[in-house]
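Down below is the structure, laid out as structure tokens.
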Amino acid sequence: MSPGELPCPQVSYHVPRVTSYTSLVLTDIPYTRLVSTDIPYTPLVSTDIPYIPLVPTDTPCSLFASLALLSSSTGVSTAIKITRLEVPTPLAVGDSGWLECEWADEGDHVYTLKWYLGIDEFYRWTPLETPSVKVFPTQHFNVDTQSSQRGRVKIRNVTVDAGGNYRCEVSGEAPVFKTSFRSAIMTVVDVPDDRPIISSKGRGPYRLQEQVTFTCSSHDAKPAPHLTFYINDQPVDPTWEEDEHIFLNDTTSLETVEKTLKFRLRPTMVQLGVLTVKCVASYPDLYWESSESAFTVDQPYDSVYGHNGFVIIGGVSRPVGSSHLLYSLLLLLLLATFLL
């Protein structure tokens, strides 16, 4: 201590003790030890609560007052806040994507940025170190170190287990080491290898007003896709569809899904003696595959040529009287030519 300086009094200060990611307990602990600033402190705490470094009790009051003045009277908020976080979801197994984390300095500077999958850190950027980027191995994907920089990380060849909670954590420099973090869920899908399969309860040909049953199935995916039926490229009545049933393969952990369609065959569903059924297997914004099958339908004369001389094609009635009139005129013309 320099001549003329008074030692700082023994004062108890509120020091945060981290008990979880979301809760802090304040305890009165006298400052008795110095925490070296060479060892960064990056607690996973709320961005609203800074870390307060310990100051030795024999630190000159002028130094302590200077630190307090620097942090409280400059009028600048020394805090880092994440402003944007995006993950590429959904992805298919084997795909690549970008993890993006952006922040506002607000008077502070970045000491380190970290990316986590669950509780496992896989990427760290420390701008004051050489090299500034460190990657920690994971079995769920590869990090493209050549393309990745700052908070923007390229991941390649993802596995189905790469899906989960991704967290970006940004910490400021000493003496506060304030930390901000955000998280987002990424979904990875193991899509089916083949198109969906349509099967029918009966072989056909079907008859009008008959109760018909069709089943659509999609195999070996995780999670199973959603199945949708169409008749003549038109969505079916939802009341005709039964709930989807999912079956798990214990060996591969992949899923097979089945869905059944039941309805009574109506004349408006048949186009020239054919009923067309389509099934689509899909994941939103990722995958869409379909299969289509045609089934023959026996139609009696009255169902094709209505009682009023109309042909029923795809639910649309068209008159046939004009064609009969033309045929009659052609016969008369041929007969007149022969007589002459």
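Just remember, in the structure tokens the first chain shown is A, the second B, etc., residues are 1-based per chain, and ligands are 1-based in the order shown.
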
With a distance cut-off of 7 Å and only C-alpha atoms, select the neighbouring residues of Ile246 of chain A, excluding the residue or stretch itself and same-chain residues fewer than 2 positions from it, and output the selection as a ChimeraX atom specification. /A:244,248,255-258

With C-alpha atoms kept, could you save the residues just selected as a tab-separated table (two decimals), in the first residue's frame?
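Once everything was written out, this is part.tsv:
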```tsv
chain	number	residue	atom	x	y	z
A	244	GLU	CA	-51.91	-44.35	-38.86
A	248	LEU	CA	-40.83	-50.42	-34.80
A	255	GLU	CA	-40.25	-47.44	-38.31
A	256	THR	CA	-42.92	-48.63	-40.73
A	257	VAL	CA	-46.23	-46.78	-40.99
A	258	GLU	CA	-49.55	-48.02	-42.41
```

Excluding same-chain residues fewer than 5 positions from Trp115 of chain A, what lies within 6 Å of it counting only C-alpha atoms, as an NGL selection string? :A and (121 or 123 or 167-168)

The selected residues should be written to file as a PDB file, in the first residue's frame (atoms: N, CA and C atoms).
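What follows is the written file result14.pdb:
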```
ATOM      1  N   GLU A 121     -19.997 -29.874 -25.870  1.00  0.00           N
ATOM      2  CA  GLU A 121     -19.433 -28.821 -26.688  1.00  0.00           C
ATOM      3  C   GLU A 121     -18.726 -29.437 -27.892  1.00  0.00           C
ATOM      4  N   TYR A 123     -17.781 -27.025 -30.714  1.00  0.00           N
ATOM      5  CA  TYR A 123     -17.128 -25.949 -31.459  1.00  0.00           C
ATOM      6  C   TYR A 123     -16.855 -24.795 -30.502  1.00  0.00           C
ATOM      7  N   ARG A 167     -27.242 -25.257 -28.600  1.00  0.00           N
ATOM      8  CA  ARG A 167     -27.121 -24.033 -27.811  1.00  0.00           C
ATOM      9  C   ARG A 167     -25.866 -23.271 -28.216  1.00  0.00           C
ATOM     10  N   CYS A 168     -26.040 -21.983 -28.446  1.00  0.00           N
ATOM     11  CA  CYS A 168     -24.917 -21.081 -28.683  1.00  0.00           C
ATOM     12  C   CYS A 168     -24.717 -20.254 -27.420  1.00  0.00           C
TER      13      CYS A 168
END
```

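Residues in contact range of Ser291 of chain A, defined as at most 7 Å between only C-alpha atoms, with sequence neighbours fewer than 2 positions away removed, read Arg195, Pro196, Ile197, Lys278, Cys279, Val280 and Ser293 of chain A.
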
Those same residues - N, CA and C atoms - I'd like them written as a PDB file, in the first residue's frame.
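What landed in part.pdb:
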```pdb
ATOM      1  N   ARG A 195     -40.535 -45.743 -52.417  1.00  0.00           N
ATOM      2  CA  ARG A 195     -41.838 -45.089 -52.467  1.00  0.00           C
ATOM      3  C   ARG A 195     -42.851 -45.855 -51.611  1.00  0.00           C
ATOM      4  N   PRO A 196     -43.936 -45.192 -51.216  1.00  0.00           N
ATOM      5  CA  PRO A 196     -44.980 -45.920 -50.476  1.00  0.00           C
ATOM      6  C   PRO A 196     -45.613 -47.010 -51.333  1.00  0.00           C
ATOM      7  N   ILE A 197     -46.190 -48.001 -50.682  1.00  0.00           N
ATOM      8  CA  ILE A 197     -46.795 -49.157 -51.362  1.00  0.00           C
ATOM      9  C   ILE A 197     -48.296 -49.145 -51.116  1.00  0.00           C
ATOM     10  N   LYS A 278     -54.025 -42.755 -55.139  1.00  0.00           N
ATOM     11  CA  LYS A 278     -52.649 -42.321 -54.928  1.00  0.00           C
ATOM     12  C   LYS A 278     -52.375 -42.159 -53.441  1.00  0.00           C
ATOM     13  N   CYS A 279     -51.153 -42.521 -53.033  1.00  0.00           N
ATOM     14  CA  CYS A 279     -50.717 -42.337 -51.647  1.00  0.00           C
ATOM     15  C   CYS A 279     -49.419 -41.540 -51.652  1.00  0.00           C
ATOM     16  N   VAL A 280     -49.331 -40.539 -50.763  1.00  0.00           N
ATOM     17  CA  VAL A 280     -48.153 -39.676 -50.647  1.00  0.00           C
ATOM     18  C   VAL A 280     -47.551 -39.847 -49.257  1.00  0.00           C
ATOM     19  N   SER A 293     -51.974 -46.270 -58.126  1.00  0.00           N
ATOM     20  CA  SER A 293     -52.471 -47.539 -58.663  1.00  0.00           C
ATOM     21  C   SER A 293     -53.838 -47.322 -59.284  1.00  0.00           C
TER      22      SER A 293
END
```

Asp105 of chain A: which residues within 9 Å, counting only C-alpha atoms, same-chain residues fewer than 6 positions away excluded, as a ChimeraX atom specification? /A:78-82,172

Quick one: residues within 9 Å of Pro223 of chain A, only C-alpha atoms counted, chain neighbours fewer than 5 positions away excluded, as JSON, numbers by chain? {"A": [188, 189, 190, 191, 254, 255, 256]}

Export of prior selection with all heavy atoms as a short mmCIF file (atom, residue, chain, number, x, y, z; two decimals), in the first residue's frame:
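Contents of out30.cif, freshly written:
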```cif
data_model
loop_
_atom_site.label_atom_id
_atom_site.label_comp_id
_atom_site.auth_asym_id
_atom_site.auth_seq_id
_atom_site.Cartn_x
_atom_site.Cartn_y
_atom_site.Cartn_z
N VAL A 188 -33.55 -34.28 -37.40
CA VAL A 188 -32.90 -35.04 -38.47
C VAL A 188 -33.74 -36.27 -38.76
O VAL A 188 -34.14 -36.99 -37.84
CB VAL A 188 -31.47 -35.45 -38.10
CG1 VAL A 188 -30.83 -36.26 -39.22
CG2 VAL A 188 -30.62 -34.22 -37.80
N VAL A 189 -34.02 -36.52 -40.05
CA VAL A 189 -34.93 -37.58 -40.46
C VAL A 189 -34.18 -38.61 -41.30
O VAL A 189 -33.42 -38.24 -42.21
CB VAL A 189 -36.10 -37.00 -41.28
CG1 VAL A 189 -37.00 -38.10 -41.80
CG2 VAL A 189 -36.90 -36.01 -40.43
N ASP A 190 -34.40 -39.87 -40.99
CA ASP A 190 -33.93 -40.96 -41.85
C ASP A 190 -35.10 -41.32 -42.78
O ASP A 190 -36.03 -42.03 -42.38
CB ASP A 190 -33.52 -42.17 -41.01
CG ASP A 190 -32.74 -43.20 -41.81
OD1 ASP A 190 -32.73 -43.10 -43.06
OD2 ASP A 190 -32.16 -44.12 -41.20
N VAL A 191 -35.08 -40.79 -44.01
CA VAL A 191 -36.23 -40.90 -44.90
C VAL A 191 -36.32 -42.33 -45.46
O VAL A 191 -35.33 -43.07 -45.48
CB VAL A 191 -36.13 -39.89 -46.06
CG1 VAL A 191 -36.08 -38.47 -45.52
CG2 VAL A 191 -34.91 -40.17 -46.92
N LEU A 254 -35.73 -48.60 -36.99
CA LEU A 254 -36.48 -47.85 -37.99
C LEU A 254 -37.96 -48.18 -37.88
O LEU A 254 -38.35 -49.22 -37.33
CB LEU A 254 -35.96 -48.17 -39.39
CG LEU A 254 -34.50 -47.80 -39.65
CD1 LEU A 254 -34.08 -48.21 -41.06
CD2 LEU A 254 -34.27 -46.31 -39.44
N GLU A 255 -38.79 -47.32 -38.45
CA GLU A 255 -40.25 -47.44 -38.31
C GLU A 255 -40.93 -47.68 -39.65
O GLU A 255 -40.49 -47.18 -40.69
CB GLU A 255 -40.81 -46.17 -37.66
CG GLU A 255 -40.27 -45.90 -36.27
CD GLU A 255 -40.75 -44.59 -35.69
OE1 GLU A 255 -41.36 -43.80 -36.45
OE2 GLU A 255 -40.51 -44.35 -34.50
N THR A 256 -42.03 -48.43 -39.58
CA THR A 256 -42.92 -48.63 -40.73
C THR A 256 -44.30 -48.10 -40.35
O THR A 256 -44.78 -48.37 -39.25
CB THR A 256 -43.01 -50.11 -41.11
OG1 THR A 256 -41.75 -50.55 -41.61
CG2 THR A 256 -44.06 -50.34 -42.18
#
```
